[in-house]
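The structure file start.pdb is reproduced below (PDB, C-alpha atoms).
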ATOM      1  CA  PRO A   1      14.090 -20.818  16.474
ATOM      2  CA  GLY A   2      15.375 -22.390  19.677
ATOM      3  CA  ARG A   3      18.304 -24.767  20.031
ATOM      4  CA  ALA A   4      16.159 -27.869  19.549
ATOM      5  CA  GLU A   5      14.480 -26.473  16.461
ATOM      6  CA  ARG A   6      17.855 -25.515  14.964
ATOM      7  CA  ALA A   7      19.165 -28.996  15.606
ATOM      8  CA  VAL A   8      16.166 -30.561  13.851
ATOM      9  CA  ALA A   9      16.529 -28.159  10.914
ATOM     10  CA  GLU A  10      20.240 -28.870  10.569
ATOM     11  CA  ALA A  11      19.625 -32.599  10.736
ATOM     12  CA  GLY A  12      16.955 -32.253   8.083
ATOM     13  CA  ALA A  13      19.324 -30.258   5.888
ATOM     14  CA  ARG A  14      21.941 -33.022   6.154
ATOM     15  CA  GLY A  15      19.222 -35.391   5.013
ATOM     16  CA  GLY A  16      18.426 -33.247   1.988
ATOM     17  CA  LEU A  17      15.628 -31.144   3.454
ATOM     18  CA  VAL A  18      16.741 -27.808   2.047
ATOM     19  CA  ILE A  19      15.004 -25.026   0.161
ATOM     20  CA  ARG A  20      15.310 -25.854  -3.522
ATOM     21  CA  ASP A  21      12.974 -23.327  -5.109
ATOM     22  CA  VAL A  22      10.665 -20.383  -4.375
ATOM     23  CA  LEU A  23       7.538 -20.229  -6.518
ATOM     24  CA  VAL A  24       5.655 -16.927  -6.647
ATOM     25  CA  THR A  25       2.206 -16.342  -8.100
ATOM     26  CA  GLY A  26       0.188 -13.139  -8.329
ATOM     27  CA  ARG A  27       3.083 -10.660  -8.447
ATOM     28  CA  ALA A  28       2.627  -7.766 -10.871
ATOM     29  CA  GLN A  29       3.551  -4.498  -9.143
ATOM     30  CA  THR A  30       5.510  -5.656  -6.109
ATOM     31  CA  GLU A  31       9.252  -5.265  -6.617
ATOM     32  CA  ALA A  32      10.959  -8.645  -6.879
ATOM     33  CA  GLU A  33      13.768  -7.625  -4.521
ATOM     34  CA  ASP A  34      11.322  -6.342  -1.885
ATOM     35  CA  LEU A  35       9.466  -9.628  -2.076
ATOM     36  CA  ARG A  36      12.674 -11.650  -1.851
ATOM     37  CA  ARG A  37      13.717  -9.846   1.320
ATOM     38  CA  ALA A  38      10.251 -10.239   2.862
ATOM     39  CA  VAL A  39      10.118 -13.984   2.181
ATOM     40  CA  GLY A  40      13.688 -14.538   3.365
ATOM     41  CA  ALA A  41      14.011 -17.960   1.757
ATOM     42  CA  GLU A  42      17.468 -18.705   0.372
ATOM     43  CA  LYS A  43      18.065 -21.730  -1.817
ATOM     44  CA  GLY A  44      20.103 -24.321   0.019
ATOM     45  CA  ALA A  45      19.012 -23.123   3.465
ATOM     46  CA  PRO A  46      17.450 -25.691   5.853
ATOM     47  CA  LEU A  47      13.811 -26.120   4.899
ATOM     48  CA  LEU A  48      12.640 -26.786   8.454
ATOM     49  CA  ALA A  49      14.271 -23.570   9.691
ATOM     50  CA  PHE A  50      12.089 -21.508   7.388
ATOM     51  CA  ASP A  51       9.136 -19.890   9.208
ATOM     52  CA  PRO A  52       6.236 -19.490   6.761
ATOM     53  CA  VAL A  53       4.075 -17.612   9.292
ATOM     54  CA  SER A  54       6.659 -14.859   9.796
ATOM     55  CA  ALA A  55       7.330 -14.718   6.062
ATOM     56  CA  GLN A  56       3.629 -14.422   5.296
ATOM     57  CA  ARG A  57       3.306 -11.574   7.791
ATOM     58  CA  ALA A  58       6.236  -9.729   6.198
ATOM     59  CA  VAL A  59       4.906 -10.227   2.668
ATOM     60  CA  ALA A  60       1.418  -9.037   3.633
ATOM     61  CA  ALA A  61       2.976  -5.807   4.963
ATOM     62  CA  LEU A  62       4.386  -4.854   1.534
ATOM     63  CA  PRO A  63       2.545  -1.819   0.125
ATOM     64  CA  TRP A  64       1.093  -3.409  -3.027
ATOM     65  CA  VAL A  65       0.010  -6.608  -1.244
ATOM     66  CA  SER A  66      -3.583  -6.936  -0.020
ATOM     67  CA  ALA A  67      -3.317 -10.612   0.968
ATOM     68  CA  ALA A  68      -0.599 -13.248   1.003
ATOM     69  CA  ARG A  69      -0.085 -16.946   1.634
ATOM     70  CA  VAL A  70       3.330 -18.556   2.199
ATOM     71  CA  GLU A  71       3.699 -22.340   2.507
ATOM     72  CA  ARG A  72       6.368 -25.015   2.670
ATOM     73  CA  ARG A  73       5.702 -27.727   0.120
ATOM     74  CA  ALA A  74       7.149 -31.117  -0.735
ATOM     75  CA  GLY A  75      10.391 -31.167  -2.654
ATOM     76  CA  GLY A  76      11.884 -28.200  -0.835
ATOM     77  CA  VAL A  77       9.541 -25.678  -2.434
ATOM     78  CA  ILE A  78       8.417 -22.433  -0.788
ATOM     79  CA  ALA A  79       5.148 -21.288  -2.395
ATOM     80  CA  VAL A  80       4.237 -17.606  -2.206
ATOM     81  CA  ALA A  81       0.804 -16.493  -3.442
ATOM     82  CA  LEU A  82      -0.067 -12.802  -3.594
ATOM     83  CA  ALA A  83      -3.196 -10.766  -4.135
ATOM     84  CA  GLU A  84      -2.222  -7.214  -5.053
ATOM     85  CA  ARG A  85      -4.047  -3.943  -4.740
ATOM     86  CA  VAL A  86      -5.323  -2.319  -7.938
ATOM     87  CA  ALA A  87      -4.575   1.380  -8.335
ATOM     88  CA  VAL A  88      -7.697   3.274  -9.441
ATOM     89  CA  ALA A  89      -6.593   6.897  -9.018
ATOM     90  CA  ARG A  90      -3.827   9.248  -7.972
ATOM     91  CA  TRP A  91      -4.398  11.445  -4.923
ATOM     92  CA  ALA A  92      -2.680  14.585  -3.649
ATOM     93  CA  GLU A  93      -3.656  16.590  -0.574
ATOM     94  CA  GLY A  94      -3.391  19.791  -2.579
ATOM     95  CA  PRO A  95      -1.601  21.600  -5.428
ATOM     96  CA  GLY A  96       2.098  20.862  -5.324
ATOM     97  CA  ALA A  97       1.728  17.908  -2.962
ATOM     98  CA  PRO A  98       3.277  14.671  -4.259
ATOM     99  CA  PRO A  99       0.563  12.312  -5.522
ATOM    100  CA  VAL A 100       0.158   8.756  -4.295
ATOM    101  CA  LEU A 101      -1.699   5.858  -5.843
ATOM    102  CA  ILE A 102      -4.874   4.687  -4.102
ATOM    103  CA  ASP A 103      -6.998   1.575  -4.471
ATOM    104  CA  ALA A 104     -10.789   1.298  -4.680
ATOM    105  CA  GLN A 105     -11.090   1.452  -0.882
ATOM    106  CA  GLY A 106      -9.110   4.694  -0.806
ATOM    107  CA  THR A 107      -6.057   3.007   0.712
ATOM    108  CA  PRO A 108      -2.799   4.742  -0.243
ATOM    109  CA  ILE A 109      -0.400   2.328  -1.935
ATOM    110  CA  VAL A 110       2.845   4.004  -3.010
ATOM    111  CA  ALA A 111       4.035   7.365  -4.331
ATOM    112  CA  ALA A 112       2.907   7.823  -7.931
ATOM    113  CA  ASP A 113       6.397   8.893  -9.111
ATOM    114  CA  GLY A 114       5.240   9.317 -12.697
ATOM    115  CA  GLN A 115       3.508   5.933 -12.730
ATOM    116  CA  PHE A 116      -0.071   5.532 -13.931
ATOM    117  CA  ASP A 117      -0.368   9.087 -15.273
ATOM    118  CA  ASP A 118      -3.483   7.976 -17.146
ATOM    119  CA  LEU A 119      -5.373   7.445 -13.868
ATOM    120  CA  PRO A 120      -7.699  10.216 -12.614
ATOM    121  CA  LEU A 121      -6.118  12.734 -10.261
ATOM    122  CA  LEU A 122      -7.984  13.551  -7.041
ATOM    123  CA  MET A 123      -7.149  16.365  -4.652
ATOM    124  CA  GLY A 124      -8.174  17.456  -1.199
ATOM    125  CA  LEU A 125      -8.553  16.036   2.277
ATOM    126  CA  GLY A 126     -11.096  13.236   2.433
ATOM    127  CA  ALA A 127     -10.842  12.532  -1.297
ATOM    128  CA  PRO A 128      -9.615   8.910  -1.041
ATOM    129  CA  GLU A 129     -12.498   7.828   1.195
ATOM    130  CA  GLU A 130     -15.074   9.186  -1.271
ATOM    131  CA  ALA A 131     -13.196   8.417  -4.476
ATOM    132  CA  GLY A 132     -15.783   5.881  -5.631
ATOM    133  CA  THR A 133     -18.447   8.543  -6.135
ATOM    134  CA  VAL A 134     -16.458  10.802  -8.422
ATOM    135  CA  LEU A 135     -14.749   7.945 -10.259
ATOM    136  CA  ALA A 136     -18.155   6.451 -11.105
ATOM    137  CA  LEU A 137     -19.317   9.880 -12.257
ATOM    138  CA  LEU A 138     -16.334  10.258 -14.592
ATOM    139  CA  ALA A 139     -16.626   6.690 -15.846
ATOM    140  CA  ALA A 140     -20.253   7.365 -16.817
ATOM    141  CA  GLU A 141     -19.260  10.533 -18.721
ATOM    142  CA  PRO A 142     -16.008   9.792 -20.599
ATOM    143  CA  GLY A 143     -16.235  13.089 -22.483
ATOM    144  CA  VAL A 144     -16.082  14.963 -19.178
ATOM    145  CA  ALA A 145     -13.334  12.649 -17.897
ATOM    146  CA  ARG A 146     -11.151  13.553 -20.882
ATOM    147  CA  ARG A 147     -11.582  17.258 -20.090
ATOM    148  CA  THR A 148     -10.928  16.888 -16.350
ATOM    149  CA  ALA A 149      -7.490  17.810 -15.042
ATOM    150  CA  TYR A 150      -8.441  16.768 -11.508
ATOM    151  CA  ALA A 151     -11.379  16.341  -9.169
ATOM    152  CA  GLU A 152     -11.133  18.262  -5.902
ATOM    153  CA  ARG A 153     -12.834  17.320  -2.649
ATOM    154  CA  ILE A 154     -14.211  20.489  -1.061
ATOM    155  CA  SER A 155     -14.504  20.696   2.744
ATOM    156  CA  ARG A 156     -14.803  16.887   2.857
ATOM    157  CA  ARG A 157     -18.382  17.316   1.578
ATOM    158  CA  ARG A 158     -18.587  17.535  -2.181
ATOM    159  CA  TRP A 159     -16.637  17.542  -5.463
ATOM    160  CA  ASP A 160     -15.470  20.152  -7.954
ATOM    161  CA  LEU A 161     -14.276  19.098 -11.397
ATOM    162  CA  VAL A 162     -11.383  21.257 -12.552
ATOM    163  CA  LEU A 163     -11.031  21.087 -16.327
ATOM    164  CA  THR A 164      -7.870  21.240 -18.393
ATOM    165  CA  ASN A 165      -8.814  24.758 -19.585
ATOM    166  CA  GLY A 166      -9.101  25.997 -15.995
ATOM    167  CA  ALA A 167     -12.910  25.928 -15.859
ATOM    168  CA  ARG A 168     -14.379  24.614 -12.609
ATOM    169  CA  VAL A 169     -17.651  22.690 -12.267
ATOM    170  CA  LEU A 170     -19.120  22.882  -8.742
ATOM    171  CA  LEU A 171     -21.186  19.804  -7.885
ATOM    172  CA  PRO A 172     -23.583  19.302  -4.953
ATOM    173  CA  ALA A 173     -22.779  17.109  -1.966
ATOM    174  CA  ALA A 174     -25.803  14.881  -2.586
ATOM    175  CA  ASP A 175     -26.570  13.187  -5.904
ATOM    176  CA  PRO A 176     -24.099  14.952  -8.217
ATOM    177  CA  ALA A 177     -25.032  12.945 -11.336
ATOM    178  CA  PRO A 178     -28.206  14.941 -12.195
ATOM    179  CA  ALA A 179     -26.280  18.174 -11.635
ATOM    180  CA  LEU A 180     -23.596  17.087 -14.083
ATOM    181  CA  ALA A 181     -26.325  16.062 -16.534
ATOM    182  CA  ARG A 182     -27.677  19.644 -16.427
ATOM    183  CA  VAL A 183     -24.198  20.960 -17.150
ATOM    184  CA  LEU A 184     -23.827  18.619 -20.117
ATOM    185  CA  PHE A 185     -27.233  19.629 -21.463
ATOM    186  CA  LEU A 186     -26.041  23.238 -21.520
ATOM    187  CA  GLN A 187     -22.723  22.150 -22.979
ATOM    188  CA  ASP A 188     -24.562  20.642 -25.954
ATOM    189  CA  ARG A 189     -26.461  23.898 -26.490
ATOM    190  CA  GLU A 190     -24.026  26.609 -25.442
ATOM    191  CA  LYS A 191     -20.580  24.980 -25.079
ATOM    192  CA  ILE A 192     -20.230  26.270 -21.527
ATOM    193  CA  LEU A 193     -17.318  23.954 -20.734
ATOM    194  CA  ASP A 194     -15.286  25.471 -23.557
ATOM    195  CA  THR A 195     -14.874  28.814 -21.768
ATOM    196  CA  PRO A 196     -11.436  28.977 -20.104
ATOM    197  CA  ARG A 197     -11.547  29.515 -16.327
ATOM    198  CA  ALA A 198     -15.346  29.586 -16.246
ATOM    199  CA  ARG A 199     -17.032  28.920 -12.891
ATOM    200  CA  ILE A 200     -20.006  26.627 -13.484
ATOM    201  CA  ASP A 201     -22.072  26.256 -10.335
ATOM    202  CA  ALA A 202     -24.516  23.328 -10.399
ATOM    203  CA  ARG A 203     -24.952  22.944  -6.653
ATOM    204  CA  ARG A 204     -28.573  24.076  -6.532
ATOM    205  CA  GLU A 205     -31.193  21.686  -7.828
ATOM    206  CA  GLY A 206     -32.483  22.664 -11.251
ATOM    207  CA  GLU A 207     -29.967  25.503 -11.717
ATOM    208  CA  VAL A 208     -26.640  26.097 -13.402
ATOM    209  CA  ILE A 209     -25.030  29.463 -12.730
ATOM    210  CA  ILE A 210     -22.165  30.447 -14.999
ATOM    211  CA  ARG A 211     -19.527  33.074 -14.452
ATOM    212  CA  ASP A 212     -17.349  33.621 -17.502
ATOM    213  CA  ARG A 213     -14.045  33.825 -15.652
ATOM    214  CA  MET A 214     -12.940  32.841 -12.201
ATOM    215  CA  PRO A 215     -11.134  35.532 -10.222
TER     216      PRO A 215
END
Any chance you could give the structure as structure tokens?
Amino acid sequence: PGRAERAVAEAGARGGLVIRDVLVTGRAQTEAEDLRRAVGAEKGAPLLAFDPVSAQRAVAALPWVSAARVERRAGGVIAVALAERVAVARWAEGPGAPPVLIDAQGTPIVAADGQFDDLPLLMGLGAPEEAGTVLALLAAEPGVARRTAYAERISRRRWDLVLTNGARVLLPAADPAPALARVLFLQDREKILDTPRARIDARREGEVIIRDRMP
């Protein structure tokens, strides 16, 4: 603020216009200290010197925050309202790469760091942008989801499901749900998913080709 603005703020503070409280709503994942630094409102500081527009911009830039509103209110209150991203999966570019959490739009949030280990793990370039397809597929087939170690995006075109026993289910680029249904039909009859390191190719319509062990 300029000299005139500082003078007004200081005069207001002498008249009792100071920050008395900061009320936050909507915070679940955002670290309290990160939020405190972004808001920059200290109790006892001149209320009129506080810039809610700059504070709102800083809060909205925090990784978990999808939208924010910061306001000065009567009684010396700074109100901070957050809408936070919801993590739907973990994503890694490849084996050994550190996973990050992503939201439903595929936006990376923060490093997973052991958090949310129950979320599906996706791998491969282009996986976040197309996460909705494979997550819906797994949600519709919870038995398959429980067996899946990770889903891998192949050449930015299609998905493989890599199972906890090392078996790999190759799905087509277009309409993978019927292909997975064929695999599950054979699973009911022949337990094809139970074979460790099997390669189960369902990319061609109407076919499932099984190799007992992957090389």
Handout entry: Residue IDs satisfying the PyMOL selection byres ((chain A and resi 130-134) around 12), as a VMD selection string
Key = chain A and resid 87 to 91 101 to 108 120 to 129 135 to 141 144 to 145 148 150 to 154 156 to 161 171 to 177 180
Exercise for the section: Would you mind reading off the distance between atom CA of Val208 of chain A and atom CA of Leu186 of chain A, one decimal, in Å? Expected result: 8.6 Å
Exercise for the section: Starting from the shown file, work through the PyMOL selection byres ((chain A and resi 75-78) around 8) and note down what comes out as JSON, numbers by chain. Expected result: {"A": [17, 18, 19, 20, 21, 22, 23, 41, 47, 70, 71, 72, 73, 74, 79, 80]}
Handout entry: Explicit residue set for the PyMOL selection byres ((chain A and resi 31) around 12), as a list in words
Key = Arg27, Ala28, Gln29, Thr30, Ala32, Glu33, Asp34, Leu35, Arg36, Arg37, Ala38, Val59, Leu62, Pro63, Trp64, Val65, Glu84 and Val110 of chain A
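One finds atom CA of Ala58 of chain A at 7.0 Å from atom CA of Val39 of chain A.
Computed from the coordinates, the atom CA of Ser66 of chain A to atom CA of Ala97 of chain A distance equals 25.6 Å.
Here the question is which of A:Val24, A:Val169, A:Ala202, A:Ala112 gets nearest to Ala83 of chain A using all atoms listed in the file, and that residue is A:Val24.
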Practice task
Pull the neighbourhood of (-9.9, 21.0, -17.8) for me: all residues within 9 Å in file coordinates, counting all atoms listed in the file, as a PyMOL selection string.
Solution key: chain A and resi 144+146-150+161-168+193+196-197
Please complete segment 65-76 of chain A so it has all heavy atoms, and hand it over as a PDB file, in the coordinates of the input.
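The file below, selection-v4.pdb, is the result:
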ATOM      1  N   VAL A  65       0.624  -5.316  -1.562  1.00  0.00           N
ATOM      2  CA  VAL A  65       0.010  -6.608  -1.244  1.00  0.00           C
ATOM      3  C   VAL A  65      -1.237  -6.414  -0.380  1.00  0.00           C
ATOM      4  O   VAL A  65      -1.181  -5.779   0.677  1.00  0.00           O
ATOM      5  CB  VAL A  65       1.014  -7.527  -0.532  1.00  0.00           C
ATOM      6  CG1 VAL A  65       0.352  -8.838  -0.126  1.00  0.00           C
ATOM      7  CG2 VAL A  65       2.218  -7.791  -1.439  1.00  0.00           C
ATOM      8  N   SER A  66      -2.358  -6.970  -0.824  1.00  0.00           N
ATOM      9  CA  SER A  66      -3.583  -6.936  -0.020  1.00  0.00           C
ATOM     10  C   SER A  66      -3.781  -8.234   0.754  1.00  0.00           C
ATOM     11  O   SER A  66      -4.436  -8.245   1.804  1.00  0.00           O
ATOM     12  CB  SER A  66      -4.804  -6.672  -0.909  1.00  0.00           C
ATOM     13  OG  SER A  66      -4.946  -7.689  -1.887  1.00  0.00           O
ATOM     14  N   ALA A  67      -3.238  -9.329   0.263  1.00  0.00           N
ATOM     15  CA  ALA A  67      -3.317 -10.612   0.968  1.00  0.00           C
ATOM     16  C   ALA A  67      -2.170 -11.487   0.484  1.00  0.00           C
ATOM     17  O   ALA A  67      -1.707 -11.353  -0.656  1.00  0.00           O
ATOM     18  CB  ALA A  67      -4.656 -11.302   0.713  1.00  0.00           C
ATOM     19  N   ALA A  68      -1.718 -12.380   1.362  1.00  0.00           N
ATOM     20  CA  ALA A  68      -0.599 -13.248   1.003  1.00  0.00           C
ATOM     21  C   ALA A  68      -0.741 -14.604   1.678  1.00  0.00           C
ATOM     22  O   ALA A  68      -1.351 -14.719   2.746  1.00  0.00           O
ATOM     23  CB  ALA A  68       0.728 -12.606   1.420  1.00  0.00           C
ATOM     24  N   ARG A  69      -0.160 -15.611   1.033  1.00  0.00           N
ATOM     25  CA  ARG A  69      -0.085 -16.946   1.634  1.00  0.00           C
ATOM     26  C   ARG A  69       1.305 -17.507   1.333  1.00  0.00           C
ATOM     27  O   ARG A  69       1.753 -17.485   0.174  1.00  0.00           O
ATOM     28  CB  ARG A  69      -1.158 -17.873   1.060  1.00  0.00           C
ATOM     29  CG  ARG A  69      -1.206 -19.237   1.754  1.00  0.00           C
ATOM     30  CD  ARG A  69      -2.360 -20.099   1.271  1.00  0.00           C
ATOM     31  NE  ARG A  69      -2.171 -20.550  -0.105  1.00  0.00           N
ATOM     32  CZ  ARG A  69      -2.851 -20.098  -1.160  1.00  0.00           C
ATOM     33  NH1 ARG A  69      -3.775 -19.163  -0.997  1.00  0.00           N
ATOM     34  NH2 ARG A  69      -2.611 -20.565  -2.372  1.00  0.00           N
ATOM     35  N   VAL A  70       1.998 -17.974   2.360  1.00  0.00           N
ATOM     36  CA  VAL A  70       3.330 -18.556   2.199  1.00  0.00           C
ATOM     37  C   VAL A  70       3.302 -19.953   2.819  1.00  0.00           C
ATOM     38  O   VAL A  70       2.884 -20.119   3.969  1.00  0.00           O
ATOM     39  CB  VAL A  70       4.405 -17.684   2.880  1.00  0.00           C
ATOM     40  CG1 VAL A  70       5.784 -18.337   2.729  1.00  0.00           C
ATOM     41  CG2 VAL A  70       4.419 -16.280   2.294  1.00  0.00           C
ATOM     42  N   GLU A  71       3.759 -20.942   2.053  1.00  0.00           N
ATOM     43  CA  GLU A  71       3.699 -22.340   2.507  1.00  0.00           C
ATOM     44  C   GLU A  71       4.999 -23.074   2.174  1.00  0.00           C
ATOM     45  O   GLU A  71       5.651 -22.764   1.172  1.00  0.00           O
ATOM     46  CB  GLU A  71       2.550 -23.073   1.811  1.00  0.00           C
ATOM     47  CG  GLU A  71       1.170 -22.510   2.065  1.00  0.00           C
ATOM     48  CD  GLU A  71       0.108 -23.190   1.212  1.00  0.00           C
ATOM     49  OE1 GLU A  71       0.429 -23.597   0.069  1.00  0.00           O
ATOM     50  OE2 GLU A  71      -1.027 -23.305   1.691  1.00  0.00           O
ATOM     51  N   ARG A  72       5.338 -24.037   3.015  1.00  0.00           N
ATOM     52  CA  ARG A  72       6.368 -25.015   2.670  1.00  0.00           C
ATOM     53  C   ARG A  72       5.680 -26.168   1.952  1.00  0.00           C
ATOM     54  O   ARG A  72       4.648 -26.659   2.409  1.00  0.00           O
ATOM     55  CB  ARG A  72       7.063 -25.534   3.927  1.00  0.00           C
ATOM     56  CG  ARG A  72       8.025 -24.562   4.542  1.00  0.00           C
ATOM     57  CD  ARG A  72       8.795 -25.183   5.684  1.00  0.00           C
ATOM     58  NE  ARG A  72       7.930 -25.685   6.739  1.00  0.00           N
ATOM     59  CZ  ARG A  72       8.244 -25.646   8.035  1.00  0.00           C
ATOM     60  NH1 ARG A  72       9.402 -25.149   8.418  1.00  0.00           N
ATOM     61  NH2 ARG A  72       7.418 -26.124   8.932  1.00  0.00           N
ATOM     62  N   ARG A  73       6.273 -26.609   0.859  1.00  0.00           N
ATOM     63  CA  ARG A  73       5.702 -27.727   0.120  1.00  0.00           C
ATOM     64  C   ARG A  73       6.749 -28.817  -0.078  1.00  0.00           C
ATOM     65  O   ARG A  73       7.945 -28.597   0.122  1.00  0.00           O
ATOM     66  CB  ARG A  73       5.166 -27.252  -1.235  1.00  0.00           C
ATOM     67  CG  ARG A  73       3.941 -26.358  -1.112  1.00  0.00           C
ATOM     68  CD  ARG A  73       3.345 -26.016  -2.447  1.00  0.00           C
ATOM     69  NE  ARG A  73       2.154 -25.172  -2.310  1.00  0.00           N
ATOM     70  CZ  ARG A  73       1.521 -24.618  -3.335  1.00  0.00           C
ATOM     71  NH1 ARG A  73       1.964 -24.813  -4.579  1.00  0.00           N
ATOM     72  NH2 ARG A  73       0.459 -23.872  -3.118  1.00  0.00           N
ATOM     73  N   ALA A  74       6.254 -29.982  -0.505  1.00  0.00           N
ATOM     74  CA  ALA A  74       7.149 -31.117  -0.735  1.00  0.00           C
ATOM     75  C   ALA A  74       8.189 -30.769  -1.794  1.00  0.00           C
ATOM     76  O   ALA A  74       7.952 -29.950  -2.682  1.00  0.00           O
ATOM     77  CB  ALA A  74       6.336 -32.330  -1.177  1.00  0.00           C
ATOM     78  N   GLY A  75       9.341 -31.398  -1.673  1.00  0.00           N
ATOM     79  CA  GLY A  75      10.391 -31.167  -2.654  1.00  0.00           C
ATOM     80  C   GLY A  75      11.222 -29.934  -2.379  1.00  0.00           C
ATOM     81  O   GLY A  75      11.953 -29.467  -3.256  1.00  0.00           O
ATOM     82  N   GLY A  76      11.088 -29.369  -1.178  1.00  0.00           N
ATOM     83  CA  GLY A  76      11.884 -28.200  -0.835  1.00  0.00           C
ATOM     84  C   GLY A  76      11.399 -26.916  -1.471  1.00  0.00           C
ATOM     85  O   GLY A  76      12.183 -25.977  -1.677  1.00  0.00           O
TER      86      GLY A  76
END
